[in-house]
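Colleague: I'd like to ask some things about the structure below.
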Amino acid sequence: MDSQQAIVFGGASGLGEATARDLAAAGHKVTVADLNEEKGGELAGELGGNFVKADVTDPDQVKAALAAAGSGEGGLRICVNCAGVGAAGRIASEKHGAAPLEGYQWAININLMGTINVLRLACEEMISNDPDDHGQRGVCINTASIAAYDGQIGQTAYAASKGGVVGLTLPAARDMARYGVRVVTIAPGLFDTPLLALLPEPARKALGETIPFPNRLGIPSEFAALARHITENPMMNGEVIRLDGALRMAPQ
Ligand SMILES: NC(=O)c1ccc[n+]([C@@H]2O[C@H](COP(=O)([O-])OP(=O)(O)OC[C@H]3O[C@@H](n4cnc5c(N)ncnc54)[C@H](O)[C@@H]3O)[C@@H](O)[C@H]2O)c1
């Protein structure tokens with residue numbers, strides 16, 4: 001595969017970091033975009049790429065990051081968005097009443113509106129690319145979660161935010177089909193990233209044991225391998241791919 005220009009939002013940590021590493025190892029020129037300047041800058045330096053500080057919910061910052069990532073010959077061809085946050089809390093309880101609306105707005109703003117913001121601007125950026133041998137101008141990869149399908153107790157905000165990402169995948173791919181820009185979403189199960197590292201080791205181990213096979217937490221490089229395959233397979237489009245070791249999460 002030829003070297004292409006790529007950007008990974010949320011690229012400073014976890015699934016995004018692994019994807020940035022994988023794409024760089026495949027010979028692509030990778031821009032890391034994240035809020036975390038220290039980690040993102042360090043990684044970009046290591047990969048021989050660039051770092052851009054960008055909040056996925058901010059149109060100007062995302063536009064500037066995409067323009068910087070696509071400034072060389074060939075334009076931006078690969079956009080992966082792994083930026084996201086977790087959110088927890090029951091929708092209502094006897095003790096606490098209704099969950100605060102702000103928690104929903106926060107999760108939906110970053111996970112769903114952030115995805116929409118990155119996707120719409122990346123698609124715009126890719127439209128002006130010259131088509132490759134397959135007629136392709138680019139590929140955008142979103143990150144949902146299996147919580148979009150089997151959200152657990154306390155996950156309404158998170159599941160709602162990720163359900164939106166699942167829902168927009170097919171229509172976005174249909175919108176962009178005329179330009180040869182593909183849109184694919186990965187819905188990860190449970191992966192061993194800094195997001196989960198906040199839990200104590202016994203809790204992480206217990207989570208891993210809920211996964212049928214492999215009977216362990218996912219490794220970020222396994223997510224990255226799928227993301228790279230999506231970039232390389234022109235037939236993969238408009239789909240949400242669960243990557244979860246056959247896990248179907250229980251209510252709790
Ligand atoms: N780890 C899992 O088990 C798992 C499972 C399902 C889905 N996911 C999803 O995968 C994605 C990556 O998760 P992770 O586990 O790698 O988490 P992580 O916390 O390790 O990495 C997330 C990165 O996103 C960045 N970020 C957060 N808000 C941002 C914003 N507004 N703008 C730009 N960057 C921002 C953070 O700085 C961080 O570098 C998230 O969308 C998460 O919901 C993770």
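Residues are named by chain letter and number: chains run A, B, ... in the order of the structure tokens, numbers start at 1 in each chain, and ligands are numbered from 1 in the order shown.
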Please build the interface table for chain A against ligand 1 with a cut-off of 7 Å, listing for each qualifying residue the nearest atom pair and the distance in Å to one decimal; count only C-alpha atoms and all ligand atoms, order rows by chain and increasing number, and write it as JSON lines.
Modeller:
{"residue": "A:Phe9", "atom": "CA", "partner": "ligand 1", "partner_atom_place_in_ligand_line": "34 (N)", "distance": 6.0}
{"residue": "A:Gly10", "atom": "CA", "partner": "ligand 1", "partner_atom_place_in_ligand_line": "24 (O)", "distance": 3.6}
{"residue": "A:Gly11", "atom": "CA", "partner": "ligand 1", "partner_atom_place_in_ligand_line": "39 (O)", "distance": 5.8}
{"residue": "A:Ala12", "atom": "CA", "partner": "ligand 1", "partner_atom_place_in_ligand_line": "39 (O)", "distance": 4.3}
{"residue": "A:Ser13", "atom": "CA", "partner": "ligand 1", "partner_atom_place_in_ligand_line": "39 (O)", "distance": 4.1}
{"residue": "A:Gly14", "atom": "CA", "partner": "ligand 1", "partner_atom_place_in_ligand_line": "16 (O)", "distance": 3.3}
{"residue": "A:Leu15", "atom": "CA", "partner": "ligand 1", "partner_atom_place_in_ligand_line": "16 (O)", "distance": 3.8}
{"residue": "A:Gly16", "atom": "CA", "partner": "ligand 1", "partner_atom_place_in_ligand_line": "16 (O)", "distance": 5.6}
{"residue": "A:Ala33", "atom": "CA", "partner": "ligand 1", "partner_atom_place_in_ligand_line": "33 (C)", "distance": 6.8}
{"residue": "A:Asp34", "atom": "CA", "partner": "ligand 1", "partner_atom_place_in_ligand_line": "34 (N)", "distance": 4.1}
{"residue": "A:Leu35", "atom": "CA", "partner": "ligand 1", "partner_atom_place_in_ligand_line": "34 (N)", "distance": 4.7}
{"residue": "A:Asn36", "atom": "CA", "partner": "ligand 1", "partner_atom_place_in_ligand_line": "37 (O)", "distance": 4.9}
{"residue": "A:Ala54", "atom": "CA", "partner": "ligand 1", "partner_atom_place_in_ligand_line": "33 (C)", "distance": 5.6}
{"residue": "A:Asp55", "atom": "CA", "partner": "ligand 1", "partner_atom_place_in_ligand_line": "32 (N)", "distance": 3.4}
{"residue": "A:Val56", "atom": "CA", "partner": "ligand 1", "partner_atom_place_in_ligand_line": "32 (N)", "distance": 4.0}
{"residue": "A:Thr57", "atom": "CA", "partner": "ligand 1", "partner_atom_place_in_ligand_line": "31 (N)", "distance": 5.8}
{"residue": "A:Cys82", "atom": "CA", "partner": "ligand 1", "partner_atom_place_in_ligand_line": "11 (C)", "distance": 4.4}
{"residue": "A:Ala83", "atom": "CA", "partner": "ligand 1", "partner_atom_place_in_ligand_line": "24 (O)", "distance": 3.5}
{"residue": "A:Gly84", "atom": "CA", "partner": "ligand 1", "partner_atom_place_in_ligand_line": "41 (O)", "distance": 3.4}
{"residue": "A:Val85", "atom": "CA", "partner": "ligand 1", "partner_atom_place_in_ligand_line": "43 (O)", "distance": 5.3}
{"residue": "A:Gly86", "atom": "CA", "partner": "ligand 1", "partner_atom_place_in_ligand_line": "43 (O)", "distance": 5.9}
{"residue": "A:Ile110", "atom": "CA", "partner": "ligand 1", "partner_atom_place_in_ligand_line": "31 (N)", "distance": 5.3}
{"residue": "A:Asn111", "atom": "CA", "partner": "ligand 1", "partner_atom_place_in_ligand_line": "41 (O)", "distance": 6.4}
{"residue": "A:Gly114", "atom": "CA", "partner": "ligand 1", "partner_atom_place_in_ligand_line": "31 (N)", "distance": 6.9}
{"residue": "A:Thr143", "atom": "CA", "partner": "ligand 1", "partner_atom_place_in_ligand_line": "41 (O)", "distance": 5.4}
{"residue": "A:Ala144", "atom": "CA", "partner": "ligand 1", "partner_atom_place_in_ligand_line": "7 (C)", "distance": 5.7}
{"residue": "A:Ser145", "atom": "CA", "partner": "ligand 1", "partner_atom_place_in_ligand_line": "6 (C)", "distance": 4.1}
{"residue": "A:Ile146", "atom": "CA", "partner": "ligand 1", "partner_atom_place_in_ligand_line": "6 (C)", "distance": 6.3}
{"residue": "A:Ala187", "atom": "CA", "partner": "ligand 1", "partner_atom_place_in_ligand_line": "7 (C)", "distance": 6.3}
{"residue": "A:Pro188", "atom": "CA", "partner": "ligand 1", "partner_atom_place_in_ligand_line": "6 (C)", "distance": 4.4}
{"residue": "A:Gly189", "atom": "CA", "partner": "ligand 1", "partner_atom_place_in_ligand_line": "5 (C)", "distance": 5.0}
{"residue": "A:Leu190", "atom": "CA", "partner": "ligand 1", "partner_atom_place_in_ligand_line": "3 (O)", "distance": 3.6}
{"residue": "A:Phe191", "atom": "CA", "partner": "ligand 1", "partner_atom_place_in_ligand_line": "3 (O)", "distance": 3.6}
{"residue": "A:Asp192", "atom": "CA", "partner": "ligand 1", "partner_atom_place_in_ligand_line": "1 (N)", "distance": 5.8}
{"residue": "A:Thr193", "atom": "CA", "partner": "ligand 1", "partner_atom_place_in_ligand_line": "15 (O)", "distance": 4.7}
{"residue": "A:Pro194", "atom": "CA", "partner": "ligand 1", "partner_atom_place_in_ligand_line": "20 (O)", "distance": 4.4}
{"residue": "A:Leu195", "atom": "CA", "partner": "ligand 1", "partner_atom_place_in_ligand_line": "19 (O)", "distance": 4.4}
{"residue": "A:Leu196", "atom": "CA", "partner": "ligand 1", "partner_atom_place_in_ligand_line": "1 (N)", "distance": 6.0}
Colleague: Give me, as an MDAnalysis selection string, all polymer residues having an atom no more than 7 Å from Gly75 (chain A), counting only C-alpha atoms and skipping those fewer than 5 positions away in the same chain.
Modeller: chainID A and resid 5 70 129
Colleague: Name the residues in contact with region 149-161 of chain A at a cut-off of 12 Å, using only C-alpha atoms, excluding same-chain residues fewer than 3 positions from it; report them as an MDAnalysis selection string.
Modeller: chainID A and resid 84:93 99:116 143:146 164:168 187:189 240:242 244 247:252
Colleague: Going by DSSP on the backbone, which residues of region 69-223 of chain A come out as helix (DSSP H, G or I)? List them as a PyMOL selection string.
Modeller: chain A and resi 69+101-127+147-150+156-179+194-197+201-208+220-223
Colleague: Find the residues near region 60-65 of chain A: any atom within 8 Å, counting only C-alpha atoms, skip ones fewer than 6 places away on the same chain, and give them as a ChimeraX atom specification.
Modeller: /A:33,52-54,117-118,121-122
Colleague: Fewer than 3 positions away in the same chain doesn't count, so skip those; otherwise give me all residues within 6 Å of Ala18 (chain A), counting only C-alpha atoms, as a ChimeraX atom specification.
Modeller: /A:15,21,220-221,224
Colleague: Hey, can you spit out that residue selection with N, CA, C and O atoms as a PDB file, in the first residue's frame?
Modeller:
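Contents of result_30.pdb, as written:
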ATOM      1  N   LEU A  15      -6.730   3.221  22.166  1.00  0.00           N
ATOM      2  CA  LEU A  15      -7.016   2.686  20.832  1.00  0.00           C
ATOM      3  C   LEU A  15      -6.474   3.615  19.741  1.00  0.00           C
ATOM      4  O   LEU A  15      -5.977   3.152  18.708  1.00  0.00           O
ATOM      5  N   ARG A  21       0.208   4.274  15.743  1.00  0.00           N
ATOM      6  CA  ARG A  21       1.444   3.479  15.632  1.00  0.00           C
ATOM      7  C   ARG A  21       1.360   2.514  14.443  1.00  0.00           C
ATOM      8  O   ARG A  21       2.304   2.363  13.667  1.00  0.00           O
ATOM      9  N   PRO A 220      -5.122  -3.118  22.437  1.00  0.00           N
ATOM     10  CA  PRO A 220      -5.299  -2.012  21.484  1.00  0.00           C
ATOM     11  C   PRO A 220      -4.763  -2.288  20.078  1.00  0.00           C
ATOM     12  O   PRO A 220      -5.349  -1.844  19.096  1.00  0.00           O
ATOM     13  N   SER A 221      -3.686  -3.070  19.968  1.00  0.00           N
ATOM     14  CA  SER A 221      -3.141  -3.361  18.626  1.00  0.00           C
ATOM     15  C   SER A 221      -4.138  -4.183  17.794  1.00  0.00           C
ATOM     16  O   SER A 221      -4.089  -4.167  16.563  1.00  0.00           O
ATOM     17  N   ALA A 224      -6.297  -1.648  16.283  1.00  0.00           N
ATOM     18  CA  ALA A 224      -5.522  -0.955  15.234  1.00  0.00           C
ATOM     19  C   ALA A 224      -5.425  -1.805  13.971  1.00  0.00           C
ATOM     20  O   ALA A 224      -5.495  -1.288  12.853  1.00  0.00           O
TER      21      ALA A 224
END
Colleague: Check region 35-117 of chain A with DSSP on the backbone and list each residue it calls strand (DSSP E), as a PyMOL selection string.
Modeller: chain A and resi 50-53+76-81+92-93+97-98
